[in-house]
Amino acid sequence: MRIKVSDEIASVCPAFVGACVEASVVNSTYSERLWHTIHEVEQRLRSELTTDSVKSLPSIAATRTVYKLCGKDPSRYRPASEQLIRRMLQGKELYQIDTLVDLVNLASIVYGYSIGGFDADKFVGDELVLGVGREGEPYEGIGRGPLNIAGLPVYRDAEGGVGTPTSDHERTKMTLSTTHLVVLINGYDGDEQRVLANAQYIQQLLIDYAQSDGGTVTLYRRA
């Protein structure tokens with residue numbers, strides 16, 4: 001999968017660096033071992049963060065800044081990583097969906113990056129372009145229905161939007177039938193080493209819980 005970063009994104013975040021993990025996988029409905037790890041991370045973060053301090057994590061703060069620069073209110077349209085961590089800090093259980101969704105959520109919580117997980121066989125074309133959402137652009141967020149993505153960073157394939165840091169699109173979501181996975185990590189803080197570490201963490205999760213060899217990692221930024 002080729003990924004391009006548009007001038008729209010580069011102009012508001014010249015330091016942006018992303019990572020694409022592409023792998024063959026086998027999904028499952030539930031992994032008890034994975035959820036044991038998730039609960040351990042929950043306990044640790046509840047001892048380290050509050051619902052106020054989570055906004056100051058570099059990975060989340062940088063994403064919120066880009067939202068503002070693109071014209072979106074990050075307190076109304078929170079980045080997914082912030083949504084997940086806040087939910088934990090409020091004492092609520094994370095949603096249990098399936099193993100692929102659950103492990104992508106875990107990777108997002110651990111590193112604070114908003115991460116998109118996709119069934120790559122549902123993409124139209126072989127290229128994704130990271131740009132900014134436009135007024136009136138149709139977009140159906142997973143479990144959210146129609147979502148106003150104007151001012152949100154958005155990945156588009158040949159048919160339209162597939163992922164934003166707030167919510168991915170129903171059209172390309174992972175299911176129990178997914179065997180070709182693409183995971184995109186959005187490093188608006190420009191920390192290449194940490195983005196790469198997050199990608200390698202995902203690879204290990206795929207090896208441990210999704211019958212995968214971990215696939216490949218590709219870093220991308222504005223050329």
# chains A, B, ... in the order shown; residues from 1 in each chain; ligands from 1

call {"tool": "select_by_dssp", "arguments": {"residues": "region 32-164 of chain A", "states": "alpha helix (DSSP H)", "output": "MDAnalysis selection string"}}
result
chainID A and resid 32:48 58:70 80:89 99:111

call {"tool": "residues_around", "arguments": {"residues": "region 166-168 of chain A", "least_positions_apart": "3", "cutoff": "6 Å", "atoms": "only C-alpha atoms", "output": "JSON, numbers by chain"}}
result
{"A": [79, 80, 141, 142, 162, 163]}

call {"tool": "write_last_selection", "arguments": {"atoms": "N, CA and C atoms", "output": "PDB file, in the first residue's frame"}}
result
ATOM      1  N   PRO A  79      -9.490  13.035  19.442  1.00  0.00           N
ATOM      2  CA  PRO A  79      -8.724  11.943  18.824  1.00  0.00           C
ATOM      3  C   PRO A  79      -9.065  10.612  19.498  1.00  0.00           C
ATOM      4  N   ALA A  80      -9.042   9.540  18.723  1.00  0.00           N
ATOM      5  CA  ALA A  80      -9.465   8.234  19.238  1.00  0.00           C
ATOM      6  C   ALA A  80      -8.645   7.788  20.436  1.00  0.00           C
ATOM      7  N   GLY A 141     -18.779   7.127  10.142  1.00  0.00           N
ATOM      8  CA  GLY A 141     -17.867   6.631  11.162  1.00  0.00           C
ATOM      9  C   GLY A 141     -18.351   5.319  11.745  1.00  0.00           C
ATOM     10  N   ILE A 142     -17.422   4.469  12.136  1.00  0.00           N
ATOM     11  CA  ILE A 142     -17.788   3.174  12.704  1.00  0.00           C
ATOM     12  C   ILE A 142     -18.565   3.369  14.004  1.00  0.00           C
ATOM     13  N   VAL A 162     -11.465   6.989   4.308  1.00  0.00           N
ATOM     14  CA  VAL A 162     -11.476   5.691   4.992  1.00  0.00           C
ATOM     15  C   VAL A 162     -11.089   5.807   6.461  1.00  0.00           C
ATOM     16  N   GLY A 163     -10.374   6.869   6.852  1.00  0.00           N
ATOM     17  CA  GLY A 163      -9.935   6.949   8.234  1.00  0.00           C
ATOM     18  C   GLY A 163      -9.595   8.350   8.672  1.00  0.00           C
TER      19      GLY A 163
END

call {"tool": "closest_residue", "arguments": {"among": "A:Leu152, A:Ala107, A:Val5, A:Ile97", "to": "Leu69 (chain A)", "atoms": "only C-alpha atoms"}}
result
A:Leu152

call {"tool": "residues_around", "arguments": {"residues": "Ser47 (chain A)", "least_positions_apart": "5", "cutoff": "12 Å", "atoms": "only C-alpha atoms", "output": "JSON, numbers by chain"}}
result
{"A": [40, 41, 42, 53, 88, 89, 91]}

call {"tool": "residues_around", "arguments": {"residues": "Glu22 (chain A)", "least_positions_apart": "2", "cutoff": "8 Å", "atoms": "only C-alpha atoms", "output": "ChimeraX atom specification"}}
result
/A:20,24,180-183,215-217

call {"tool": "write_last_selection", "arguments": {"atoms": "N, CA, C and O atoms", "output": "mmCIF file, in the first residue's frame"}}
result
data_model
loop_
_atom_site.group_PDB
_atom_site.id
_atom_site.type_symbol
_atom_site.label_atom_id
_atom_site.label_comp_id
_atom_site.auth_asym_id
_atom_site.auth_seq_id
_atom_site.Cartn_x
_atom_site.Cartn_y
_atom_site.Cartn_z
ATOM 1 N N CYS A 20 3.038 2.528 8.587
ATOM 2 C CA CYS A 20 2.067 1.569 8.072
ATOM 3 C C CYS A 20 2.547 0.162 8.387
ATOM 4 O O CYS A 20 3.650 -0.226 7.994
ATOM 5 N N SER A 24 -0.580 -10.260 7.057
ATOM 6 C CA SER A 24 -1.596 -11.304 6.953
ATOM 7 C C SER A 24 -1.958 -11.733 8.371
ATOM 8 O O SER A 24 -1.061 -11.935 9.216
ATOM 9 N N HIS A 180 -6.207 -9.551 5.549
ATOM 10 C CA HIS A 180 -5.174 -8.640 5.047
ATOM 11 C C HIS A 180 -5.340 -7.322 5.792
ATOM 12 O O HIS A 180 -6.258 -6.544 5.522
ATOM 13 N N LEU A 181 -4.470 -7.077 6.739
ATOM 14 C CA LEU A 181 -4.596 -5.939 7.653
ATOM 15 C C LEU A 181 -3.633 -4.823 7.294
ATOM 16 O O LEU A 181 -2.465 -5.069 6.983
ATOM 17 N N VAL A 182 -4.133 -3.589 7.343
ATOM 18 C CA VAL A 182 -3.279 -2.402 7.301
ATOM 19 C C VAL A 182 -3.572 -1.574 8.542
ATOM 20 O O VAL A 182 -4.744 -1.293 8.845
ATOM 21 N N VAL A 183 -2.520 -1.215 9.268
ATOM 22 C CA VAL A 183 -2.641 -0.358 10.450
ATOM 23 C C VAL A 183 -1.808 0.901 10.203
ATOM 24 O O VAL A 183 -0.645 0.814 9.808
ATOM 25 N N GLY A 215 4.221 -9.095 9.649
ATOM 26 C CA GLY A 215 4.162 -8.295 8.433
ATOM 27 C C GLY A 215 5.326 -7.331 8.282
ATOM 28 O O GLY A 215 6.421 -7.552 8.796
ATOM 29 N N THR A 216 5.060 -6.226 7.607
ATOM 30 C CA THR A 216 6.091 -5.226 7.312
ATOM 31 C C THR A 216 5.709 -3.866 7.885
ATOM 32 O O THR A 216 4.532 -3.575 8.100
ATOM 33 N N VAL A 217 6.733 -3.045 8.109
ATOM 34 C CA VAL A 217 6.530 -1.673 8.572
ATOM 35 C C VAL A 217 7.131 -0.716 7.555
ATOM 36 O O VAL A 217 8.278 -0.888 7.144
#

call {"tool": "residues_around", "arguments": {"residues": "Arg222 (chain A)", "least_positions_apart": "3", "cutoff": "7 Å", "atoms": "only C-alpha atoms", "output": "list in words"}}
result
Lys4, Val5, Ser6 and Ala10 of chain A

call {"tool": "write_last_selection", "arguments": {"atoms": "C-alpha atoms", "output": "CSV table (one decimal), in the first residue's frame"}}
result
chain,number,residue,atom,x,y,z
A,4,LYS,CA,1.1,10.0,0.4
A,5,VAL,CA,1.0,13.0,2.7
A,6,SER,CA,-0.6,16.0,1.1
A,10,ALA,CA,2.5,19.2,5.6

call {"tool": "closest_residue", "arguments": {"among": "A:Leu206, A:Leu94, A:Leu219, A:Ile109", "to": "Trp35 (chain A)", "atoms": "only C-alpha atoms"}}
result
A:Leu94

call {"tool": "residues_around", "arguments": {"residues": "region 190-193 of chain A", "least_positions_apart": "5", "cutoff": "7 Å", "atoms": "only C-alpha atoms", "output": "PyMOL selection string"}}
result
chain A and resi 15-17

call {"tool": "closest_residue", "arguments": {"among": "A:Val104, A:Ile202, A:Leu45, A:Val21", "to": "Thr218 (chain A)", "atoms": "only C-alpha atoms"}}
result
A:Val21

call {"tool": "closest_residue", "arguments": {"among": "A:Pro153, A:Tyr188, A:Ile85, A:Asp102", "to": "Thr37 (chain A)", "atoms": "only C-alpha atoms"}}
result
A:Asp102

call {"tool": "residues_around", "arguments": {"residues": "Thr63 (chain A)", "least_positions_apart": "5", "cutoff": "9 Å", "atoms": "only C-alpha atoms", "output": "list of chain:residue names"}}
result
A:Pro58, A:Lys68, A:Pro74, A:Pro79, A:Tyr113, A:Ser114, A:Pro165, A:Asn186, A:Gly187, A:Tyr188, A:Asp189

call {"tool": "atom_distance", "arguments": {"atom1": "CA of Gly133 (chain A)", "atom2": "CA of Tyr67 (chain A)"}}
result
10.9 Å

call {"tool": "atom_distance", "arguments": {"atom1": "CA of Ile3 (chain A)", "atom2": "CA of Leu128 (chain A)"}}
result
4.8 Å

call {"tool": "closest_residue", "arguments": {"among": "A:Tyr95, A:Tyr155, A:Phe118, A:Phe123", "to": "Lys173 (chain A)", "atoms": "only C-alpha atoms"}}
result
A:Phe118

call {"tool": "closest_residue", "arguments": {"among": "A:Arg46, A:Gly161, A:Gln90, A:Ala210", "to": "Val129 (chain A)", "atoms": "only C-alpha atoms"}}
result
A:Gly161

call {"tool": "decode", "arguments": {"residues": "region 66-78 of chain A", "atoms": "all heavy atoms", "output": "JSON list (two decimals), in the first residue's frame"}}
result
[["chain", "number", "residue", "atom", "x", "y", "z"],
["A", 66, "VAL", "N", -3.08, 19.93, 15.64],
["A", 66, "VAL", "CA", -3.36, 19.83, 14.21],
["A", 66, "VAL", "C", -4.86, 19.98, 13.95],
["A", 66, "VAL", "O", -5.26, 20.62, 12.97],
["A", 66, "VAL", "CB", -2.82, 18.51, 13.65],
["A", 66, "VAL", "CG1", -3.34, 18.25, 12.24],
["A", 66, "VAL", "CG2", -1.29, 18.54, 13.63],
["A", 67, "TYR", "N", -5.69, 19.41, 14.82],
["A", 67, "TYR", "CA", -7.14, 19.61, 14.67],
["A", 67, "TYR", "C", -7.47, 21.10, 14.65],
["A", 67, "TYR", "O", -8.21, 21.57, 13.78],
["A", 67, "TYR", "CB", -7.87, 18.95, 15.84],
["A", 67, "TYR", "CG", -8.21, 17.50, 15.67],
["A", 67, "TYR", "CD1", -7.36, 16.62, 14.98],
["A", 67, "TYR", "CD2", -9.37, 16.97, 16.21],
["A", 67, "TYR", "CE1", -7.68, 15.28, 14.84],
["A", 67, "TYR", "CE2", -9.69, 15.63, 16.07],
["A", 67, "TYR", "CZ", -8.84, 14.79, 15.39],
["A", 67, "TYR", "OH", -9.16, 13.47, 15.25],
["A", 68, "LYS", "N", -6.92, 21.83, 15.60],
["A", 68, "LYS", "CA", -7.20, 23.26, 15.68],
["A", 68, "LYS", "C", -6.73, 23.99, 14.43],
["A", 68, "LYS", "O", -7.43, 24.84, 13.88],
["A", 68, "LYS", "CB", -6.53, 23.86, 16.92],
["A", 68, "LYS", "CG", -7.12, 23.38, 18.24],
["A", 68, "LYS", "CD", -6.32, 23.94, 19.42],
["A", 68, "LYS", "CE", -6.84, 23.41, 20.74],
["A", 68, "LYS", "NZ", -6.04, 23.89, 21.89],
["A", 69, "LEU", "N", -5.54, 23.64, 13.95],
["A", 69, "LEU", "CA", -4.98, 24.30, 12.77],
["A", 69, "LEU", "C", -5.79, 23.98, 11.51],
["A", 69, "LEU", "O", -5.83, 24.78, 10.57],
["A", 69, "LEU", "CB", -3.52, 23.89, 12.57],
["A", 69, "LEU", "CG", -2.54, 24.40, 13.64],
["A", 69, "LEU", "CD1", -1.17, 23.76, 13.45],
["A", 69, "LEU", "CD2", -2.43, 25.92, 13.58],
["A", 70, "CYS", "N", -6.41, 22.81, 11.50],
["A", 70, "CYS", "CA", -7.24, 22.43, 10.35],
["A", 70, "CYS", "C", -8.68, 22.93, 10.48],
["A", 70, "CYS", "O", -9.47, 22.80, 9.54],
["A", 70, "CYS", "CB", -7.25, 20.91, 10.20],
["A", 70, "CYS", "SG", -5.69, 20.20, 9.65],
["A", 71, "GLY", "N", -9.01, 23.49, 11.66],
["A", 71, "GLY", "CA", -10.33, 24.08, 11.84],
["A", 71, "GLY", "C", -11.32, 23.23, 12.61],
["A", 71, "GLY", "O", -12.53, 23.46, 12.54],
["A", 72, "LYS", "N", -10.83, 22.25, 13.40],
["A", 72, "LYS", "CA", -11.72, 21.37, 14.15],
["A", 72, "LYS", "C", -11.50, 21.54, 15.64],
["A", 72, "LYS", "O", -10.37, 21.74, 16.11],
["A", 72, "LYS", "CB", -11.43, 19.91, 13.77],
["A", 72, "LYS", "CG", -12.65, 19.00, 13.89],
["A", 72, "LYS", "CD", -13.70, 19.37, 12.86],
["A", 72, "LYS", "CE", -14.78, 18.30, 12.76],
["A", 72, "LYS", "NZ", -15.82, 18.69, 11.80],
["A", 73, "ASP", "N", -12.59, 21.46, 16.43],
["A", 73, "ASP", "CA", -12.52, 21.58, 17.87],
["A", 73, "ASP", "C", -12.15, 20.22, 18.46],
["A", 73, "ASP", "O", -12.97, 19.29, 18.44],
["A", 73, "ASP", "CB", -13.87, 22.04, 18.43],
["A", 73, "ASP", "CG", -13.87, 22.20, 19.94],
["A", 73, "ASP", "OD1", -12.85, 21.87, 20.59],
["A", 73, "ASP", "OD2", -14.89, 22.64, 20.49],
["A", 74, "PRO", "N", -10.94, 20.06, 19.02],
["A", 74, "PRO", "CA", -10.52, 18.76, 19.52],
["A", 74, "PRO", "C", -11.22, 18.32, 20.80],
["A", 74, "PRO", "O", -11.09, 17.16, 21.20],
["A", 74, "PRO", "CB", -9.01, 18.94, 19.76],
["A", 74, "PRO", "CG", -8.86, 20.40, 20.04],
["A", 74, "PRO", "CD", -9.88, 21.09, 19.17],
["A", 75, "SER", "N", -11.96, 19.21, 21.44],
["A", 75, "SER", "CA", -12.72, 18.82, 22.61],
["A", 75, "SER", "C", -14.10, 18.29, 22.22],
["A", 75, "SER", "O", -14.73, 17.56, 22.99],
["A", 75, "SER", "CB", -12.88, 20.01, 23.57],
["A", 75, "SER", "OG", -11.62, 20.37, 24.11],
["A", 76, "ARG", "N", -14.53, 18.62, 21.02],
["A", 76, "ARG", "CA", -15.80, 18.09, 20.50],
["A", 76, "ARG", "C", -15.57, 16.83, 19.68],
["A", 76, "ARG", "O", -16.34, 15.88, 19.72],
["A", 76, "ARG", "CB", -16.52, 19.14, 19.66],
["A", 76, "ARG", "CG", -17.89, 18.69, 19.18],
["A", 76, "ARG", "CD", -18.58, 19.78, 18.39],
["A", 76, "ARG", "NE", -19.87, 19.32, 17.88],
["A", 76, "ARG", "CZ", -20.61, 19.99, 17.00],
["A", 76, "ARG", "NH1", -20.18, 21.16, 16.54],
["A", 76, "ARG", "NH2", -21.76, 19.50, 16.59],
["A", 77, "TYR", "N", -14.50, 16.84, 18.89],
["A", 77, "TYR", "CA", -14.12, 15.69, 18.08],
["A", 77, "TYR", "C", -12.77, 15.18, 18.59],
["A", 77, "TYR", "O", -11.73, 15.50, 18.05],
["A", 77, "TYR", "CB", -14.02, 16.08, 16.60],
["A", 77, "TYR", "CG", -15.33, 16.49, 15.98],
["A", 77, "TYR", "CD1", -15.80, 17.79, 16.10],
["A", 77, "TYR", "CD2", -16.10, 15.58, 15.27],
["A", 77, "TYR", "CE1", -17.01, 18.16, 15.53],
["A", 77, "TYR", "CE2", -17.30, 15.94, 14.68],
["A", 77, "TYR", "CZ", -17.76, 17.24, 14.82],
["A", 77, "TYR", "OH", -18.94, 17.61, 14.26],
["A", 78, "ARG", "N", -12.81, 14.42, 19.68],
["A", 78, "ARG", "CA", -11.56, 14.01, 20.32],
["A", 78, "ARG", "C", -10.82, 12.96, 19.46],
["A", 78, "ARG", "O", -11.45, 12.09, 18.86],
["A", 78, "ARG", "CB", -11.84, 13.41, 21.69],
["A", 78, "ARG", "CG", -12.45, 14.38, 22.69],
["A", 78, "ARG", "CD", -12.56, 13.72, 24.06],
["A", 78, "ARG", "NE", -13.39, 14.50, 24.96],
["A", 78, "ARG", "CZ", -12.97, 15.54, 25.66],
["A", 78, "ARG", "NH1", -11.71, 15.90, 25.56],
["A", 78, "ARG", "NH2", -13.79, 16.20, 26.45]]
